[in-house]
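Asks: What follows is a single structure, and I will ask about it in a moment.
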Amino acid sequence: MENAFLGWMKKYLAEPLLLAMFPDCCTFCNKIIRVNTFICEECANAVKRQAEPICHKCGRSKEYCSCKQDGKRVWDGATAPFIYDDGITGSCIRRLKESGYERNATYLGTEIAKQVRKTFPLTVFDCVMPVPMHPQDEFERGYAQCVWLAKSVAKELGIPYENRLRKIRRTTPQKKLSGEERRVNLRGAFDVDEMFDTPGKTILLVDDLLTTGSTLEECATMLKIYGAEAVYVATVCITRKEGKKDGRSKTRN
């Protein structure tokens with residue numbers, strides 16, 4: 001009887017009070033949801049998740065594998081839990097970059113970590129590292145979403161977090177450029193903290209979205225120049241095809 005009463009109190013008094021004071025919102029659609037949940041039922045059913053078989057090199061399903069057209073990637077493997085589209089995953093990424101709501105990044109980092117375990121179960125990572133923003137861009141935004149993501153991934157996987165990549169040159173926003181323009185835009189934009197003991201490390205590099213892979217490619221290149229043994233990349237979302245975003249604006253990128 002007592003347990004039933006406590007359950008009633010929690011359901012009809014405690015949770016509504018907490019929701020009124022500290023409303024939780026769906027990571028994908030921003031709808032108000034139950035306390036201590038991250039995704040509403042509608043989005044849980046609608047979000048596109050990666051399905052096996054997946055190419056562990058480019059991170060895409062075998063049907064959309066881009067390894068042949070991309071040539072040899074600098075990174076050693078890639079993965080992402082969600083497929084990007086202009087619907088709920090697109091709004092999720094935009095909210096991650098615009099809302100300043102760390103709770104969303106915490107949940108998405110946990111999802112990345114689960115996907116990393118599934119894709120690379122035998123890989124031993126020395127650290128998790130975020131793709132950096134330029135200091136001025138980070139100051140203007142007020143936070144770096146990839147830092148939040150990487151910290152969540154590191155905590156979930158139980159491995160060290162290291163923020164040792166630096167963006168040393170401001171660049172044109174990547175979404176405005178074609179694939180080749182993106183690669184040119186990023187050349188020489190990143191460096192590695194010389195105090196970091198890079199040689200021999202296996203590093204998990206975390207970003208929010210993988211489209212052409214130009215940013216991650218440039219970061220992986222710098223880490224390997226400094227002696228990293230292997231660099232794997234993990235993002236929240238990945239496009240089905242390299243440089244193509246599903247939905248209404250397929251040629252936007």
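Ordered as shown in the structure tokens, chains take letters A, B, and onward, while each chain numbers its residues from 1 and ligands are numbered from 1 in the order shown.
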I'd like the contact shell of Cys237 (chain A) - 7 Å cut-off, only C-alpha atoms, skipping same-chain residues fewer than 6 positions apart - returned as a ChimeraX atom specification.

Replies: /A:80-84,208-210

Asks: Mind writing the picked residues with C-alpha atoms as a JSON list (two decimals), in the first residue's frame?

Replies:
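Listing of out15.json after writing:
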```
[["chain", "number", "residue", "atom", "x", "y", "z"],
["A", 80, "ALA", "CA", 27.38, 7.91, -36.20],
["A", 81, "PRO", "CA", 24.14, 6.81, -34.52],
["A", 82, "PHE", "CA", 21.74, 8.92, -36.65],
["A", 83, "ILE", "CA", 21.20, 9.65, -40.34],
["A", 84, "TYR", "CA", 20.92, 13.33, -41.19],
["A", 208, "ASP", "CA", 28.29, 16.99, -34.65],
["A", 209, "LEU", "CA", 27.80, 16.17, -38.35],
["A", 210, "LEU", "CA", 29.65, 14.28, -41.08]]
```

Asks: Could the residues of region 45-136 of chain A that have an atom at most 9 Å from region 225-230 of chain A be listed as CSV, each with its closest atom pair and the distance in Å to one decimal, counting only C-alpha atoms and ordered by chain and ascending residue number?

Replies:
```
residue,atom,partner,partner_atom,distance
A:Trp75,CA,A:Ala230,CA,7.1
A:Asp76,CA,A:Ala230,CA,6.1
A:Gly77,CA,A:Ala230,CA,8.9
```

Asks: For those residues, write N, CA and C atoms to a file as a short mmCIF file (atom, residue, chain, number, x, y, z; two decimals), in the first residue's frame.

Replies:
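Once everything was written out, this is out-v7.cif:
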```cif
data_model
loop_
_atom_site.label_atom_id
_atom_site.label_comp_id
_atom_site.auth_asym_id
_atom_site.auth_seq_id
_atom_site.Cartn_x
_atom_site.Cartn_y
_atom_site.Cartn_z
N TRP A 75 41.51 9.23 -41.78
CA TRP A 75 41.06 8.59 -40.54
C TRP A 75 40.95 7.08 -40.72
N ASP A 76 40.90 6.36 -39.60
CA ASP A 76 40.92 4.90 -39.62
C ASP A 76 39.54 4.28 -39.52
N GLY A 77 38.55 5.04 -39.17
CA GLY A 77 37.19 4.53 -39.08
C GLY A 77 36.24 5.65 -38.69
#
```

Asks: Quick one: everything within 6 Å of region 161-172 of chain A, counting only C-alpha atoms, minus sequence neighbours fewer than 5 positions away in the same chain. Send it as a ChimeraX atom specification.

Replies: /A:127-129,132-134,154,189-193

Asks: For the selection you just gave me, I'd like the residues written to a file as a PDB file, in the first residue's frame, keeping C-alpha atoms.

Replies:
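Here's the written file part23.pdb:
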```
ATOM      1  CA  CYS A 127      41.361   9.664 -25.421  1.00  0.00           C
ATOM      2  CA  VAL A 128      38.348  11.478 -26.834  1.00  0.00           C
ATOM      3  CA  MET A 129      38.946  14.830 -28.518  1.00  0.00           C
ATOM      4  CA  PRO A 132      37.608  22.756 -32.109  1.00  0.00           C
ATOM      5  CA  MET A 133      36.024  26.089 -32.929  1.00  0.00           C
ATOM      6  CA  HIS A 134      38.105  29.201 -33.518  1.00  0.00           C
ATOM      7  CA  ALA A 154      34.434  10.249 -22.826  1.00  0.00           C
ATOM      8  CA  ALA A 189      43.251  25.906 -40.152  1.00  0.00           C
ATOM      9  CA  PHE A 190      44.090  23.432 -37.349  1.00  0.00           C
ATOM     10  CA  ASP A 191      47.064  22.649 -35.154  1.00  0.00           C
ATOM     11  CA  VAL A 192      47.810  20.410 -32.171  1.00  0.00           C
ATOM     12  CA  ASP A 193      48.900  21.524 -28.702  1.00  0.00           C
TER      13      ASP A 193
END
```

Asks: Please, what distance in Å, to one decimal, runs between CA of Thr235 (chain A) and CA of Val206 (chain A)?

Replies: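 Result for CA of Thr235 (chain A) versus CA of Val206 (chain A): 5.7 Å, one decimal.
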
Asks: Please extract the residues of region 65-235 of chain A with a backbone DSSP assignment of helix (DSSP H, G or I) and present them as a PyMOL selection string.

Replies: chain A and resi 67-70+88-98+102-119+135-141+145-157+174-176+179-186+214-225

Asks: Which polymer residues have any atom within 10 Å of an atom of Thr215 (chain A), counting only C-alpha atoms, with same-chain residues fewer than 2 positions away left out, as an mmCIF file with N, CA and C atoms, in the first residue's frame?

Replies:
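And here's around.cif as it stands now:
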```
data_model
loop_
_atom_site.group_PDB
_atom_site.id
_atom_site.type_symbol
_atom_site.label_atom_id
_atom_site.label_comp_id
_atom_site.auth_asym_id
_atom_site.auth_seq_id
_atom_site.Cartn_x
_atom_site.Cartn_y
_atom_site.Cartn_z
ATOM 1 N N VAL A 131 36.355 18.295 -32.131
ATOM 2 C CA VAL A 131 36.755 19.196 -33.209
ATOM 3 C C VAL A 131 36.609 20.620 -32.669
ATOM 4 N N PRO A 132 37.656 21.441 -32.763
ATOM 5 C CA PRO A 132 37.608 22.756 -32.109
ATOM 6 C C PRO A 132 36.945 23.839 -32.953
ATOM 7 N N GLN A 174 31.332 26.220 -43.566
ATOM 8 C CA GLN A 174 31.420 25.122 -44.511
ATOM 9 C C GLN A 174 30.134 24.916 -45.318
ATOM 10 N N ARG A 182 35.450 23.296 -49.619
ATOM 11 C CA ARG A 182 35.581 22.999 -48.188
ATOM 12 C C ARG A 182 37.004 22.565 -47.858
ATOM 13 N N ARG A 183 37.561 21.699 -48.678
ATOM 14 C CA ARG A 183 38.925 21.203 -48.418
ATOM 15 C C ARG A 183 39.941 22.338 -48.473
ATOM 16 N N ASN A 185 39.296 25.532 -48.050
ATOM 17 C CA ASN A 185 38.957 26.451 -46.963
ATOM 18 C C ASN A 185 39.621 26.070 -45.645
ATOM 19 N N LEU A 186 39.833 24.762 -45.429
ATOM 20 C CA LEU A 186 40.320 24.273 -44.137
ATOM 21 C C LEU A 186 41.821 24.025 -44.070
ATOM 22 N N ARG A 187 42.502 24.132 -45.182
ATOM 23 C CA ARG A 187 43.936 23.840 -45.173
ATOM 24 C C ARG A 187 44.678 24.791 -44.241
ATOM 25 N N ALA A 189 44.111 25.253 -41.142
ATOM 26 C CA ALA A 189 43.251 25.906 -40.152
ATOM 27 C C ALA A 189 43.403 25.313 -38.755
ATOM 28 N N PHE A 190 43.996 24.116 -38.641
ATOM 29 C CA PHE A 190 44.090 23.432 -37.349
ATOM 30 C C PHE A 190 45.536 23.143 -36.967
ATOM 31 N N ASP A 207 32.603 15.136 -33.560
ATOM 32 C CA ASP A 207 32.002 16.306 -34.201
ATOM 33 C C ASP A 207 30.485 16.114 -34.202
ATOM 34 N N LEU A 209 28.363 16.631 -37.082
ATOM 35 C CA LEU A 209 27.797 16.168 -38.348
ATOM 36 C C LEU A 209 28.902 15.803 -39.325
ATOM 37 N N LEU A 210 28.708 14.687 -40.035
ATOM 38 C CA LEU A 210 29.646 14.276 -41.081
ATOM 39 C C LEU A 210 28.941 14.347 -42.432
ATOM 40 N N THR A 211 29.398 15.264 -43.286
ATOM 41 C CA THR A 211 28.872 15.368 -44.649
ATOM 42 C C THR A 211 29.985 14.994 -45.622
ATOM 43 N N THR A 212 30.784 15.954 -46.035
ATOM 44 C CA THR A 212 31.927 15.623 -46.903
ATOM 45 C C THR A 212 33.095 15.057 -46.107
ATOM 46 N N GLY A 213 33.152 15.356 -44.813
ATOM 47 C CA GLY A 213 34.260 14.879 -43.979
ATOM 48 C C GLY A 213 35.488 15.757 -44.042
ATOM 49 N N GLU A 217 38.732 15.306 -41.734
ATOM 50 C CA GLU A 217 39.915 14.889 -42.474
ATOM 51 C C GLU A 217 41.114 15.776 -42.135
ATOM 52 N N GLU A 218 40.884 17.071 -42.090
ATOM 53 C CA GLU A 218 41.967 18.010 -41.786
ATOM 54 C C GLU A 218 42.456 17.826 -40.350
ATOM 55 N N CYS A 219 41.529 17.627 -39.417
ATOM 56 C CA CYS A 219 41.914 17.403 -38.018
ATOM 57 C C CYS A 219 42.697 16.095 -37.868
ATOM 58 N N ALA A 220 42.224 15.031 -38.525
ATOM 59 C CA ALA A 220 42.918 13.745 -38.459
ATOM 60 C C ALA A 220 44.309 13.844 -39.064
ATOM 61 N N THR A 221 44.434 14.615 -40.131
ATOM 62 C CA THR A 221 45.738 14.814 -40.772
ATOM 63 C C THR A 221 46.728 15.435 -39.803
#
```

Asks: Would you mind listing what lies within 8 Å of Asn104 (chain A) as a list in words, with only C-alpha atoms counted and same-chain residues fewer than 3 positions away left out?

Replies: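 Near Asn104 (chain A), the qualifying residues are Thr27, Phe38, Leu96, Tyr101, Tyr107 and Leu108 of chain A.
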
Asks: Residues as selected, C-alpha atoms, written as a PDB file, in the first residue's frame, can you do that?

Replies:
```pdb
ATOM      1  CA  THR A  27      16.284  16.791 -27.991  1.00  0.00           C
ATOM      2  CA  PHE A  38      15.444  13.066 -23.658  1.00  0.00           C
ATOM      3  CA  LEU A  96      22.615  21.940 -30.638  1.00  0.00           C
ATOM      4  CA  TYR A 101      21.460  23.666 -23.958  1.00  0.00           C
ATOM      5  CA  TYR A 107      22.241  12.767 -24.367  1.00  0.00           C
ATOM      6  CA  LEU A 108      23.626  12.863 -27.930  1.00  0.00           C
TER       7      LEU A 108
END
```

Asks: Ranking A:Glu138, A:Glu194, A:Glu156, A:Asp85 by minimum distance to Arg49 (chain A) and counting only C-alpha atoms, which one comes first?

Replies: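 Answer, going by the shortest atom-to-atom distance: A:Asp85.
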
Asks: Using only C-alpha atoms for the distances, tell me which of A:Lys68, A:Val74, A:Thr106, A:Lys118 is nearest to Thr37 (chain A).

Replies: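 Looking at the shortest contact to Thr37 (chain A), the residue is A:Thr106.
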
Asks: What is the distance between CA of Cys146 (chain A) and CA of Thr198 (chain A), in Å to one decimal?

Replies: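 According to the coordinates, CA of Cys146 (chain A) and CA of Thr198 (chain A) are separated by 20.1 Å.
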
Asks: Quick one: everything within 9 Å of Ile39 (chain A), counting only C-alpha atoms, minus sequence neighbours fewer than 6 positions away in the same chain. Send it as a CSV table (one decimal) with C-alpha atoms, in the first residue's frame.

Replies:
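Final file, part-v1.csv:
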```csv
chain,number,residue,atom,x,y,z
A,25,CYS,CA,12.3,19.1,-23.8
A,26,CYS,CA,12.8,16.6,-26.6
A,27,THR,CA,16.3,16.8,-28.0
A,28,PHE,CA,14.9,16.6,-31.5
A,29,CYS,CA,11.7,18.6,-31.6
A,30,ASN,CA,11.8,20.6,-28.4
A,31,LYS,CA,8.4,19.4,-27.2
A,33,ILE,CA,8.4,15.8,-22.2
```

Asks: So what do you get for CA of Lys48 (chain A) versus CA of Val231 (chain A), distance-wise?

Replies: 26.0 Å

Asks: Using only C-alpha atoms, determine which residues lie at most 10 Å from Tyr64 (chain A), disregarding the query and same-chain residues fewer than 5 positions distant; provide the list as a ChimeraX atom specification.

Replies: /A:54-55,58-59,239-242

Asks: Kindly export the residues of the current selection with N, CA and C atoms, as a PDB file, in the first residue's frame.

Replies:
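Okay, selection-v4.pdb is ready:
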```
ATOM      1  N   ILE A  54      27.135  -1.660 -41.886  1.00  0.00           N
ATOM      2  CA  ILE A  54      27.734  -0.335 -42.020  1.00  0.00           C
ATOM      3  C   ILE A  54      29.200  -0.483 -42.402  1.00  0.00           C
ATOM      4  N   CYS A  55      29.657   0.356 -43.315  1.00  0.00           N
ATOM      5  CA  CYS A  55      31.084   0.410 -43.637  1.00  0.00           C
ATOM      6  C   CYS A  55      31.800   1.097 -42.488  1.00  0.00           C
ATOM      7  N   CYS A  58      34.014   4.576 -43.811  1.00  0.00           N
ATOM      8  CA  CYS A  58      33.375   5.870 -44.092  1.00  0.00           C
ATOM      9  C   CYS A  58      32.233   6.168 -43.126  1.00  0.00           C
ATOM     10  N   GLY A  59      31.726   5.131 -42.437  1.00  0.00           N
ATOM     11  CA  GLY A  59      30.667   5.329 -41.461  1.00  0.00           C
ATOM     12  C   GLY A  59      29.267   5.233 -42.011  1.00  0.00           C
ATOM     13  N   THR A 239      25.334  12.058 -43.226  1.00  0.00           N
ATOM     14  CA  THR A 239      24.478  12.059 -44.403  1.00  0.00           C
ATOM     15  C   THR A 239      24.544  10.697 -45.080  1.00  0.00           C
ATOM     16  N   ARG A 240      23.478  10.327 -45.772  1.00  0.00           N
ATOM     17  CA  ARG A 240      23.473   9.037 -46.468  1.00  0.00           C
ATOM     18  C   ARG A 240      24.570   8.980 -47.518  1.00  0.00           C
ATOM     19  N   LYS A 241      24.721  10.094 -48.236  1.00  0.00           N
ATOM     20  CA  LYS A 241      25.743  10.154 -49.275  1.00  0.00           C
ATOM     21  C   LYS A 241      26.702  11.285 -48.961  1.00  0.00           C
ATOM     22  N   GLU A 242      27.931  11.142 -49.367  1.00  0.00           N
ATOM     23  CA  GLU A 242      28.966  12.143 -49.081  1.00  0.00           C
ATOM     24  C   GLU A 242      28.572  13.480 -49.689  1.00  0.00           C
TER      25      GLU A 242
END
```

Asks: I need the residues in region 54-208 of chain A that are strand (DSSP E) according to DSSP; give them as a PyMOL selection string.

Replies: chain A and resi 77-79+82-83+127-130+165-167+190-192+202-208
